[in-house]
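Student: Quick one: structure below, then a few questions.
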Amino acid sequence: MPDGSTAPRKLVEVRNLRMYFPIHTGLLRTHTGDVKAVDGVNFDIYEGETLGLVGESGCGKSTCGRAVLRLYDPTSASIKIDGVELAWANDDARKIDAAARRIARNATYTVMILGVVLIAVLAVQFEAMARFPIVLLQAALLIALGLLTFFLTRNMLRKSRARAAGISEADFAPTENDLRRMRPTMQMVFQDPQASLNPRMTVAGIIGEPLSEHTQLSTTERNDRIYELMDAVGLNRDFANRYPHEFSGGQRQRIGIARALALNPKFIVCDEPIAALDVSIQAQVVNLLEDLQEKFGLTYLFISHDLSMVRHIADRVAVMYLGKVAELAPRDELFNDPLHPYTKALLSAVPEPDPVTHDTAERVILQGDVPSPSNPPQGCNFCTRCPAVMDICRSEDPEMKEVRPGRFVACHLHS
Amino acid sequence: MPDGAAPQNSDASDPTVLDVRDLKTVFRTRRGEVHAVNNVSFHLRAGELLGVVGESGSGKSVTMMSLIRLLPMPPAEIRSGSVDFDDMDLMQVSEDQMRAIRGARIGMIFQDPMTSLNPVFNVGYQLMEPLRKHMGLGKEAARKRSVELLELVGIPDAARRLKDYPHQFSGGMRQRVMIAIALACDPKVLIADEPTTALDVTIQAQILELVKELRQKLGMAIVWITHDLGVIAGIADRVMVMYGGQVVEEAPVRELFANPKHPYTRMLLETVPSLSGERNDRLQVIQGQPPMLACDPDSCAFRDRCPHAFDRCAAENPLLRDVGPDGHRAACFWDGGTQGEEAAHA
């Protein structure tokens, strides 16, 4: 996505993010289709800003958030966080990677089968070879050979094909180990604080776990850091040895936030962090998130279905519908003058806490339900419910276009 | 009624259909008693929509569950109170009589359409059950009425969908089915417990439109429990705010939103960010946590979180008193007009 200004640095760049979940049916579990949870999403997040991601349930916003952190293996994507590629820099890299993996796997299977046959023949021919420790040794050798075959073939194929296609080694997705080393810069706050905290661990244990996994702090240093974090999120230090069930929902969410902050991340994905909380507690947690952002210079991807809360916390907002971004714009422009018909409908569906405006407000009430993401409609995916549908919408999928500076809309009305 | 759908409905001279007085429900747990509902009194007029707002744990659902006696007893215990409905006291009638009232003259819609429908019976069976039990309809007549009901709540192709199971419906459609079941026997009173909380906003808007439309057609009285002030502003005639198991304020909807008297209501209205108008840099918060309801209230339940609390709040539990026109009542000693203690009167 191009943008005019160069002043703020892009911290997160997501291009062409697709996340398909395969559907397997029948006796043989054959692959018969995909649930296209996220289907070609592009966005940038600038350093220090909050990007709000809104949409109805099932539109793919949570999947999107998790895929950005590589908690899922995306079907295809280029995700750069702080300049480091987390997925495949370009589509060729992904294809070469997949092909190399497939060939290497087949080669390994062949080696293994031949090896097993060889061991069996040896055992039948020579009595000495059939003895137990010798067979074990042979099996171990074979497994080592298999693994070696896999990695050697994959790397050789990848290298040669990458050179042929003219892409560098750095364009490929990082290995699990490399990914793990990058995890401290990116963290997540989950929706349900009840489910995302281990009930058998104390608060200190929960907040300290990322520290013992990723750092070599001594016990005292680690404890100091835990207390520091508890102070930062407004938890009393005396509660360090209590268990999650002893806290209320808002307090529990603070524990989750402290855990996410433990490793000084730059980027935090907040996946509906306030959806499970009461109105009066929601405001406390949102204010805390804003304070922390200011203090530590954090960048948030704030996923929520609560539009009024997103209007409060986000700097820019992306509206998702059925796996695609319908509109992406700075907050005030989006809320004052929505361009996409879906954004308009979504905004007018939010009941305002004011009985007087209810009389005058003109409401767009959408008919019907969201179509299934395993079988999205042809053309624009909003064409089945859109109040302003045209013929072209049913045949052509609208491109995401920058219609005004900083405002991106995927709609035929604005192209 | 704010949208002008049925202004005659909110007429103060309409007869009262449900009158709850001094309802008090206590849960006995291993860690002591929980006083979930404390001396709650309210009434419901014919054709009126009463909105009940409050945080989770404020006792709004338990109040409604108590008055239709749907709470498991024990651990729940209804200590006192009377519920006048149809010249009967629902607290005194036998279980058989109660069963004849529930689902027939008092309809109910629950929060989660996923769990309140039985997954192993098709929707038609579940719709026909109250019709055959309460109205004594035959199979064919019940079927015909079920189709009518599904059409009434806007489910297309109703006759065919009767054979479908709940999982074949989407969330919004399932909630429509729940509404159809609740409406099956033409109830006088409908109790809706957070009926749109589990739904998306666009689907919620559809359901709210449907309820407005149905009220015009059928003219029943509705109790609508929710924590969403926006929903209340849109559909209610009168609002009751609950906190710590007590009613802290009640007023007609416009009066409440324009002129909230109780500090809790004021702060609640301020904490909700708005989609239009000025955007505040910081959200207003209500500091602290909701109270534990371990004993009978002998002081104001909100005083720990209240910015205006003074000595009297700790010594005495405020009772509802008239603070404005059209039955605007609040349970608070503080007077927002004079910024001081209200003049001592009973």
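Note on naming: chains are A, B, ... as they come in the structure tokens, residues start from 1 per chain, ligands start from 1 in the order shown.
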Do you have, as a tab-separated table, the list of residues of chain B lying at most 9 Å from chain A, each with its nearest atom pair and that distance in Å to one decimal, counting only C-alpha atoms and ordered by chain then number?
Tutor:
```
residue	atom	partner	partner_atom	distance
B:Pro2	CA	A:Asp359	CA	6.2
B:Asp3	CA	A:Asp359	CA	5.2
B:Gly4	CA	A:Asp359	CA	7.8
B:Glu55	CA	A:Asp278	CA	6.0
B:Ser56	CA	A:Asp278	CA	6.7
B:Ser170	CA	A:Asp369	CA	7.6
B:Gly172	CA	A:Asp369	CA	7.9
B:Met173	CA	A:Asp369	CA	8.7
B:Leu199	CA	A:Ser57	CA	8.6
B:Asp200	CA	A:Glu56	CA	5.8
B:Val201	CA	A:Ala349	CA	5.8
B:Thr202	CA	A:Ala349	CA	5.4
B:Ile203	CA	A:Asp369	CA	7.7
B:Gln204	CA	A:Ala349	CA	7.7
B:Ala205	CA	A:Ala349	CA	5.5
B:Gln206	CA	A:Ile365	CA	6.4
B:Glu209	CA	A:Ile365	CA	8.6
B:His227	CA	A:Val279	CA	7.8
B:Asp228	CA	A:Pro353	CA	8.2
B:Leu229	CA	A:Pro353	CA	5.2
B:Gly230	CA	A:Pro353	CA	3.8
B:Val231	CA	A:Pro351	CA	5.6
B:Ile232	CA	A:Pro353	CA	7.5
B:Ala233	CA	A:Pro355	CA	4.5
B:Gly234	CA	A:Pro355	CA	5.8
B:Ile235	CA	A:Pro355	CA	8.5
B:Ala236	CA	A:Pro355	CA	9.0
B:Val253	CA	A:Pro355	CA	7.0
B:Arg254	CA	A:Pro355	CA	6.0
B:Phe257	CA	A:Asp354	CA	6.5
B:Ala258	CA	A:Asp354	CA	8.3
B:Met267	CA	A:Ser280	CA	8.6
B:Leu268	CA	A:Ser280	CA	6.8
B:Leu269	CA	A:Pro353	CA	7.7
B:Thr271	CA	A:Ser280	CA	6.4
B:Val272	CA	A:Val279	CA	7.2
B:Pro273	CA	A:Ser308	CA	5.5
B:Ser274	CA	A:Ser308	CA	5.5
B:Leu275	CA	A:Ser308	CA	5.1
B:Ser276	CA	A:Phe335	CA	7.7
B:Arg279	CA	A:His312	CA	6.8
B:Asn280	CA	A:His312	CA	7.5
B:Asp281	CA	A:His312	CA	7.8
B:Arg282	CA	A:Asn287	CA	6.6
B:Leu283	CA	A:Ala283	CA	5.9
B:Gln284	CA	A:Ala283	CA	6.8
B:Val285	CA	A:Ala283	CA	5.5
B:Ile286	CA	A:Ser280	CA	5.7
B:Gln287	CA	A:Gln284	CA	7.7
B:Gly288	CA	A:Ile281	CA	8.5
B:Gln289	CA	A:Ile281	CA	8.0
```
Student: Using only C-alpha atoms, which protein or nucleic acid residues come within 10 Å of range 70-72 of chain B? Drop anything in the same chain fewer than 4 positions from it, and give the result as a PyMOL selection string.
Tutor: chain B and resi 25+27+62-66+76-78+98+102
Student: Please measure the separation of CA of Arg161 in chain B and CA of Ala388 in chain A, giving the value in Å to one decimal.
Tutor: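 One can read the CA of Arg161 in chain B to CA of Ala388 in chain A distance as 29.3 Å.
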Student: Please identify all polymer residues within 10 Å of Tyr20 in chain A, counting only C-alpha atoms, omitting same-chain residues fewer than 5 positions from it, and present them as JSON, numbers by chain.
Tutor: {"A": [33, 34, 35, 36, 37, 38, 39, 63, 73, 74, 75, 76, 323, 373, 374]}
Student: Please produce a file of the residues just selected, as a JSON list (two decimals), in the first residue's frame, where the atoms kept are N, CA and C atoms.
Tutor:
```
[["chain", "number", "residue", "atom", "x", "y", "z"],
["A", 33, "GLY", "N", -12.06, -28.29, -0.28],
["A", 33, "GLY", "CA", -12.32, -26.86, -0.32],
["A", 33, "GLY", "C", -11.56, -26.17, 0.79],
["A", 34, "ASP", "N", -11.72, -24.86, 0.87],
["A", 34, "ASP", "CA", -11.03, -24.10, 1.90],
["A", 34, "ASP", "C", -11.98, -23.13, 2.56],
["A", 35, "VAL", "N", -11.82, -22.94, 3.85],
["A", 35, "VAL", "CA", -12.48, -21.81, 4.51],
["A", 35, "VAL", "C", -11.52, -20.64, 4.36],
["A", 36, "LYS", "N", -11.94, -19.67, 3.57],
["A", 36, "LYS", "CA", -11.04, -18.55, 3.30],
["A", 36, "LYS", "C", -11.21, -17.50, 4.39],
["A", 37, "ALA", "N", -10.58, -17.77, 5.53],
["A", 37, "ALA", "CA", -10.78, -16.90, 6.69],
["A", 37, "ALA", "C", -10.21, -15.51, 6.44],
["A", 38, "VAL", "N", -9.03, -15.46, 5.86],
["A", 38, "VAL", "CA", -8.43, -14.18, 5.48],
["A", 38, "VAL", "C", -8.00, -14.34, 4.03],
["A", 39, "ASP", "N", -8.42, -13.41, 3.18],
["A", 39, "ASP", "CA", -8.23, -13.62, 1.76],
["A", 39, "ASP", "C", -7.63, -12.36, 1.11],
["A", 63, "THR", "N", -8.18, -14.16, 13.18],
["A", 63, "THR", "CA", -7.27, -14.98, 12.39],
["A", 63, "THR", "C", -6.17, -14.12, 11.81],
["A", 73, "ASP", "N", 0.29, -20.74, 10.42],
["A", 73, "ASP", "CA", 1.09, -20.76, 9.22],
["A", 73, "ASP", "C", 0.22, -20.22, 8.09],
["A", 74, "PRO", "N", 0.44, -19.00, 7.66],
["A", 74, "PRO", "CA", -0.44, -18.46, 6.62],
["A", 74, "PRO", "C", -0.28, -19.19, 5.30],
["A", 75, "THR", "N", -1.36, -19.21, 4.51],
["A", 75, "THR", "CA", -1.30, -19.84, 3.20],
["A", 75, "THR", "C", -0.35, -19.08, 2.29],
["A", 76, "SER", "N", -0.42, -17.77, 2.35],
["A", 76, "SER", "CA", 0.58, -16.97, 1.67],
["A", 76, "SER", "C", 0.60, -15.62, 2.35],
["A", 323, "GLY", "N", -13.21, -11.75, 5.35],
["A", 323, "GLY", "CA", -11.84, -12.07, 4.99],
["A", 323, "GLY", "C", -11.10, -11.00, 4.22],
["A", 373, "PRO", "N", -17.60, -18.18, 4.59],
["A", 373, "PRO", "CA", -16.28, -17.93, 4.01],
["A", 373, "PRO", "C", -15.74, -19.12, 3.21],
["A", 374, "SER", "N", -16.40, -20.28, 3.31],
["A", 374, "SER", "CA", -15.95, -21.39, 2.48],
["A", 374, "SER", "C", -16.52, -21.28, 1.08]]
```
Student: Set the distance at 7 Å and use only C-alpha atoms: which residues neighbour range 119-136 of chain B once local chain neighbours fewer than 3 positions away are removed? I'd like the list as a PDB file with N, CA and C atoms, in the first residue's frame.
Tutor:
```pdb
ATOM      1  N   ALA B 100     -47.937 -23.536  34.304  1.00  0.00           N
ATOM      2  CA  ALA B 100     -48.948 -23.125  33.322  1.00  0.00           C
ATOM      3  C   ALA B 100     -48.785 -21.654  32.945  1.00  0.00           C
ATOM      4  N   GLY B 103     -44.045 -19.465  29.975  1.00  0.00           N
ATOM      5  CA  GLY B 103     -44.097 -19.855  28.566  1.00  0.00           C
ATOM      6  C   GLY B 103     -45.456 -19.612  27.948  1.00  0.00           C
ATOM      7  N   ALA B 104     -46.502 -19.444  28.780  1.00  0.00           N
ATOM      8  CA  ALA B 104     -47.827 -19.189  28.227  1.00  0.00           C
ATOM      9  C   ALA B 104     -48.189 -17.719  28.409  1.00  0.00           C
ATOM     10  N   ALA B 142     -50.953 -26.763  15.402  1.00  0.00           N
ATOM     11  CA  ALA B 142     -49.712 -26.260  15.976  1.00  0.00           C
ATOM     12  C   ALA B 142     -48.696 -25.985  14.876  1.00  0.00           C
ATOM     13  N   ARG B 143     -48.683 -26.892  13.880  1.00  0.00           N
ATOM     14  CA  ARG B 143     -47.748 -26.715  12.777  1.00  0.00           C
ATOM     15  C   ARG B 143     -48.050 -25.424  12.023  1.00  0.00           C
ATOM     16  N   SER B 146     -46.974 -22.518  13.984  1.00  0.00           N
ATOM     17  CA  SER B 146     -45.514 -22.389  14.010  1.00  0.00           C
ATOM     18  C   SER B 146     -45.019 -21.685  12.753  1.00  0.00           C
ATOM     19  N   LEU B 162     -38.920 -25.510   9.439  1.00  0.00           N
ATOM     20  CA  LEU B 162     -39.390 -26.158  10.661  1.00  0.00           C
ATOM     21  C   LEU B 162     -38.651 -27.462  10.921  1.00  0.00           C
ATOM     22  N   LYS B 163     -38.243 -28.117   9.852  1.00  0.00           N
ATOM     23  CA  LYS B 163     -37.586 -29.415  10.013  1.00  0.00           C
ATOM     24  C   LYS B 163     -36.091 -29.272  10.300  1.00  0.00           C
ATOM     25  N   ASP B 164     -35.586 -28.042  10.239  1.00  0.00           N
ATOM     26  CA  ASP B 164     -34.151 -27.852  10.462  1.00  0.00           C
ATOM     27  C   ASP B 164     -33.812 -27.866  11.950  1.00  0.00           C
ATOM     28  N   TYR B 165     -32.571 -28.237  12.222  1.00  0.00           N
ATOM     29  CA  TYR B 165     -32.085 -28.253  13.603  1.00  0.00           C
ATOM     30  C   TYR B 165     -31.400 -26.931  13.925  1.00  0.00           C
ATOM     31  N   PRO B 166     -31.281 -26.594  15.225  1.00  0.00           N
ATOM     32  CA  PRO B 166     -30.700 -25.286  15.581  1.00  0.00           C
ATOM     33  C   PRO B 166     -29.356 -24.998  14.924  1.00  0.00           C
ATOM     34  N   HIS B 167     -28.490 -26.031  14.768  1.00  0.00           N
ATOM     35  CA  HIS B 167     -27.167 -25.730  14.223  1.00  0.00           C
ATOM     36  C   HIS B 167     -27.219 -25.308  12.765  1.00  0.00           C
ATOM     37  N   ILE B 181     -40.586 -18.683  19.769  1.00  0.00           N
ATOM     38  CA  ILE B 181     -41.043 -19.594  20.816  1.00  0.00           C
ATOM     39  C   ILE B 181     -41.641 -18.798  21.973  1.00  0.00           C
ATOM     40  N   ALA B 184     -45.057 -17.621  21.181  1.00  0.00           N
ATOM     41  CA  ALA B 184     -45.978 -18.642  20.681  1.00  0.00           C
ATOM     42  C   ALA B 184     -47.362 -18.545  21.310  1.00  0.00           C
ATOM     43  N   CYS B 185     -47.440 -18.347  22.613  1.00  0.00           N
ATOM     44  CA  CYS B 185     -48.744 -18.392  23.271  1.00  0.00           C
ATOM     45  C   CYS B 185     -49.296 -17.012  23.583  1.00  0.00           C
TER      46      CYS B 185
END
```
